[in-house]
Amino acid sequence: MALPEFTKRAKMDETVEDADVKSEVFRERFEKYLNDLNENEDEKMNVIHMCRFRDECLRRLGFYDCFRTVKREENMKALEALPRVLERLEEENAGILELVKGVFAGNIFDLGAAASQALFTDGDKGGEDDISKSFFETRDTKTDVFVVNNFDALKERWNDLTRVHEKCCIFVDNAGADVILGVLPLAREMLKRGTKVVLCANDVPSINDITIKELEELVFPTLLRMNDKDNVFKKAIESGQLACIGSGSDLPVIDLREISEPCANECLDCDLAVLIGMGRGIETNLRAEFSIDRINLGMVKHEEVAQLLNGPLYSCVCAFNAGANTV
């Protein structure tokens, strides 16, 4: 679970007094917790419990959002690059395959996964001018291996213009390139088709996941000022066709039975749910049954998850299930 990265970010947190000492306390406590799990097998243990222990351990020591700096940096870089990404997608006449692979490319930015963190660091050599180029290079070279592949069924449903989805709730994952360069272009295509789109984000910070506050205070205001072709984002935000809401979650995984009441109410009339990333789309909810159409999109960035799915690290999950009420 990328313990060195958590310790590093906690140590760098300037909002916490004695952060260097407290970060080591965190490391020791969480390391002991993991060692105890290895020695004493618990059949009731799952990824939600592990993430909750880690995040609560950080919060008790005062580390409320120790990834805030890197999140803001990556959000700003991705927002600056977004017009160039959208322009190229228009030039490519991008279809659902390019959009899905774009989600995978963006999903690499995940500092909660050790393998992804190393890949992100290795690729982070340039400045803002390089991010759109790196995004497309990643999309075109690192997103061809599918460990779960329902793409043909997804494409068939997407191309059925007699049944365009009326409303989609997207449970977003990481800040930066993930949500901005990966998810937003997909959402934009949905908007152009007439679908209402609601981005559902964490209320409480966890790792480098985007929060509802960051969407409301940075991302949406920037989209309102951005001159994308036909002003799709601006018109959609102003009309209410594009919205965001807090999911009620404080973890990088999600139990959809425990989302906030406002989020649950927002989901009542949606006919498509999209779960982005390893935590929400793979480690939880991959095999959940829905009454509506459901898409899970994410890149596998934990070796243990890759083994369980019988695929390689950095393989992609594209799961689509038609809802029981929509077949």
# chains A, B, ... in the order shown; residues from 1 in each chain; ligands from 1

$ select_by_dssp --residues "segment 170-310 of chain A" --states "helix (DSSP H, G or I)" --output "ChimeraX atom specification"
/A:177-192,212-225,229-239,256-258,261-267,277-283,303-308

$ closest_atom_pairs --of "segment 183-210 of chain A" --to "segment 274-284 of chain A" --cutoff "12 Å" --atoms "only C-alpha atoms" --output "tab-separated table"
residue	atom	partner	partner_atom	distance
A:Val183	CA	A:Ile276	CA	8.3
A:Leu184	CA	A:Ile276	CA	11.8
A:Leu186	CA	A:Val274	CA	10.6
A:Ala187	CA	A:Val274	CA	10.3
A:Met190	CA	A:Val274	CA	11.9
A:Val197	CA	A:Val274	CA	10.3
A:Val198	CA	A:Val274	CA	10.2
A:Leu199	CA	A:Val274	CA	9.6
A:Cys200	CA	A:Leu275	CA	9.7
A:Ala201	CA	A:Ile276	CA	10.7
A:Asn202	CA	A:Arg280	CA	11.3
A:Ser206	CA	A:Gly279	CA	11.5
A:Ile207	CA	A:Gly279	CA	11.4
A:Asp209	CA	A:Gly277	CA	10.2
A:Ile210	CA	A:Ile276	CA	11.8

$ closest_residue --among "A:Leu251, A:Arg9, A:Asn208, A:Arg27" --to "Glu56 of chain A" --atoms "only C-alpha atoms"
A:Leu251

$ residues_around --residues "Met12 of chain A" --least-positions-apart "2" --cutoff "12 Å" --atoms "only C-alpha atoms" --output "PyMOL selection string"
chain A and resi 5-10+14-24+63+65-70

$ residues_around --residues "Leu154 of chain A" --least-positions-apart "5" --cutoff "12 Å" --atoms "only C-alpha atoms" --output "CSV table (one decimal) with N, CA and C atoms, in the first residue's frame"
chain,number,residue,atom,x,y,z
A,95,GLY,N,-13.4,7.8,-30.6
A,95,GLY,CA,-14.6,7.1,-30.2
A,95,GLY,C,-14.5,6.5,-28.8
A,96,ILE,N,-15.4,5.6,-28.5
A,96,ILE,CA,-15.4,5.1,-27.1
A,96,ILE,C,-14.1,4.4,-26.8
A,97,LEU,N,-13.4,3.7,-27.7
A,97,LEU,CA,-12.2,3.0,-27.4
A,97,LEU,C,-11.1,4.0,-26.9
A,100,VAL,N,-12.0,5.4,-23.5
A,100,VAL,CA,-11.8,4.4,-22.4
A,100,VAL,C,-10.3,4.3,-22.1
A,149,ASN,N,-12.3,-7.8,-19.9
A,149,ASN,CA,-12.6,-7.1,-21.2
A,149,ASN,C,-14.0,-7.4,-21.6
A,159,ASN,N,-22.9,2.7,-28.8
A,159,ASN,CA,-23.3,3.0,-30.2
A,159,ASN,C,-24.8,2.9,-30.5
A,160,ASP,N,-25.6,2.4,-29.5
A,160,ASP,CA,-27.0,2.3,-29.7
A,160,ASP,C,-27.6,3.7,-29.4
A,272,LEU,N,-27.1,4.9,-15.5
A,272,LEU,CA,-25.7,4.5,-15.8
A,272,LEU,C,-24.8,4.9,-14.6
A,274,VAL,N,-20.7,4.7,-13.4
A,274,VAL,CA,-19.4,4.5,-13.8
A,274,VAL,C,-18.5,4.6,-12.6
A,293,ASP,N,-27.3,0.0,-15.8
A,293,ASP,CA,-26.1,-0.3,-16.5
A,293,ASP,C,-24.9,0.2,-15.7
A,294,ARG,N,-23.8,-0.5,-15.7
A,294,ARG,CA,-22.7,-0.2,-14.9
A,294,ARG,C,-21.4,-0.4,-15.7
A,295,ILE,N,-20.4,0.5,-15.6
A,295,ILE,CA,-19.1,0.4,-16.2
A,295,ILE,C,-18.0,0.5,-15.1
A,296,ASN,N,-17.1,-0.4,-15.1
A,296,ASN,CA,-15.9,-0.3,-14.2
A,296,ASN,C,-14.7,-0.1,-15.1
A,297,LEU,N,-13.9,1.0,-14.8
A,297,LEU,CA,-12.7,1.3,-15.6
A,297,LEU,C,-11.6,1.6,-14.7
A,318,CYS,N,-11.9,-3.3,-18.1
A,318,CYS,CA,-13.1,-2.6,-18.7
A,318,CYS,C,-14.3,-3.6,-18.6
A,319,ALA,N,-15.0,-3.4,-17.5
A,319,ALA,CA,-16.2,-4.2,-17.2
A,319,ALA,C,-17.4,-3.4,-17.6
A,320,PHE,N,-18.3,-4.1,-18.2
A,320,PHE,CA,-19.6,-3.5,-18.5
A,320,PHE,C,-20.7,-4.6,-18.3
A,321,ASN,N,-21.7,-4.2,-17.5
A,321,ASN,CA,-22.8,-5.0,-17.2
A,321,ASN,C,-24.1,-4.3,-17.5
A,322,ALA,N,-25.0,-4.8,-18.3
A,322,ALA,CA,-26.3,-4.2,-18.5
A,322,ALA,C,-27.2,-4.5,-17.2

$ residues_around --residues "Lys192 of chain A" --least-positions-apart "4" --cutoff "12 Å" --atoms "only C-alpha atoms" --output "list in words"
Val164, His165, Glu166, Pro185, Leu186, Ala187, Arg188, Lys196, Val197, Lys229, Asp230, Asn231, Val232, Phe233, Lys235, Ala236, Gln241 and Leu242 of chain A

$ closest_residue --among "A:Cys316, A:Leu79, A:Leu89, A:Ala264" --to "Pro221 of chain A" --atoms "only C-alpha atoms"
A:Leu79

$ atom_distance --atom1 "atom CA of Ser260 of chain A" --atom2 "atom CA of Asn174 of chain A"
19.5 Å

$ residues_around --residues "Glu80 of chain A" --least-positions-apart "2" --cutoff "10 Å" --atoms "only C-alpha atoms" --output "PyMOL selection string"
chain A and resi 74-78+82-85+128-129+131-132+180+222+226

$ select_by_dssp --residues "segment 14-184 of chain A" --states "strand (DSSP E or B)" --output "list in words"
Phe146, Val147, Val148, Asn149, Lys167, Cys168, Cys169, Ile170, Phe171 and Asn174 of chain A

$ write_last_selection --atoms "N, CA and C atoms" --output "PDB file, in the first residue's frame"
ATOM      1  N   PHE A 146      -5.844  -6.051 -21.548  1.00  0.00           N
ATOM      2  CA  PHE A 146      -7.072  -6.068 -20.757  1.00  0.00           C
ATOM      3  C   PHE A 146      -7.128  -7.367 -19.958  1.00  0.00           C
ATOM      4  N   VAL A 147      -7.261  -7.261 -18.648  1.00  0.00           N
ATOM      5  CA  VAL A 147      -7.418  -8.447 -17.819  1.00  0.00           C
ATOM      6  C   VAL A 147      -8.901  -8.758 -17.609  1.00  0.00           C
ATOM      7  N   VAL A 148      -9.757  -7.743 -17.697  1.00  0.00           N
ATOM      8  CA  VAL A 148     -11.211  -7.909 -17.753  1.00  0.00           C
ATOM      9  C   VAL A 148     -11.660  -7.118 -18.973  1.00  0.00           C
ATOM     10  N   ASN A 149     -12.293  -7.791 -19.912  1.00  0.00           N
ATOM     11  CA  ASN A 149     -12.574  -7.140 -21.187  1.00  0.00           C
ATOM     12  C   ASN A 149     -14.016  -7.372 -21.625  1.00  0.00           C
ATOM     13  N   LYS A 167     -28.970   9.758 -17.611  1.00  0.00           N
ATOM     14  CA  LYS A 167     -28.202  10.331 -16.506  1.00  0.00           C
ATOM     15  C   LYS A 167     -27.140   9.345 -16.052  1.00  0.00           C
ATOM     16  N   CYS A 168     -25.934   9.858 -15.868  1.00  0.00           N
ATOM     17  CA  CYS A 168     -24.806   9.027 -15.457  1.00  0.00           C
ATOM     18  C   CYS A 168     -24.164   9.599 -14.200  1.00  0.00           C
ATOM     19  N   CYS A 169     -23.960   8.755 -13.208  1.00  0.00           N
ATOM     20  CA  CYS A 169     -23.212   9.129 -12.013  1.00  0.00           C
ATOM     21  C   CYS A 169     -21.835   8.468 -12.105  1.00  0.00           C
ATOM     22  N   ILE A 170     -20.786   9.299 -12.109  1.00  0.00           N
ATOM     23  CA  ILE A 170     -19.417   8.805 -12.224  1.00  0.00           C
ATOM     24  C   ILE A 170     -18.727   8.956 -10.879  1.00  0.00           C
ATOM     25  N   PHE A 171     -18.307   7.857 -10.290  1.00  0.00           N
ATOM     26  CA  PHE A 171     -17.570   7.886  -9.027  1.00  0.00           C
ATOM     27  C   PHE A 171     -16.087   8.005  -9.365  1.00  0.00           C
ATOM     28  N   ASN A 174      -8.671   9.619  -8.730  1.00  0.00           N
ATOM     29  CA  ASN A 174      -7.544  10.471  -8.374  1.00  0.00           C
ATOM     30  C   ASN A 174      -7.664  11.887  -8.916  1.00  0.00           C
TER      31      ASN A 174
END

$ atom_distance --atom1 "atom CA of Val172 of chain A" --atom2 "atom CA of Val204 of chain A"
13.5 Å

$ atom_distance --atom1 "atom CA of Val253 of chain A" --atom2 "atom CA of His302 of chain A"
13.8 Å

$ closest_residue --among "A:Gly298, A:Leu34, A:Ser315, A:Ser249" --to "Val145 of chain A" --atoms "only C-alpha atoms"
A:Ser315

$ residues_around --residues "Met50 of chain A" --least-positions-apart "3" --cutoff "10 Å" --atoms "only C-alpha atoms" --output "list in words"
Met1, Phe30, Tyr33, Leu34, Leu37, Met45, Asn46, Val47, Phe53, Arg54 and Asp55 of chain A

$ write_last_selection --atoms "C-alpha atoms" --output "PDB file, in the first residue's frame"
ATOM      1  CA  MET A   1       0.000   0.000   0.000  1.00  0.00           C
ATOM      2  CA  PHE A  30       1.001   0.925  10.154  1.00  0.00           C
ATOM      3  CA  TYR A  33      -0.519  -3.437  11.722  1.00  0.00           C
ATOM      4  CA  LEU A  34       0.485  -5.020   8.411  1.00  0.00           C
ATOM      5  CA  LEU A  37      -2.140  -9.180   9.637  1.00  0.00           C
ATOM      6  CA  MET A  45     -10.321  -8.519   6.856  1.00  0.00           C
ATOM      7  CA  ASN A  46     -10.735  -6.665   3.558  1.00  0.00           C
ATOM      8  CA  VAL A  47      -9.301  -3.693   1.699  1.00  0.00           C
ATOM      9  CA  PHE A  53      -7.007   1.892   9.598  1.00  0.00           C
ATOM     10  CA  ARG A  54      -4.296   3.633   7.581  1.00  0.00           C
ATOM     11  CA  ASP A  55      -6.245   6.841   7.003  1.00  0.00           C
TER      12      ASP A  55
END

$ closest_residue --among "A:Gly323, A:Pro205, A:Gly246, A:Pro262" --to "Ala288 of chain A" --atoms "only C-alpha atoms"
A:Gly323
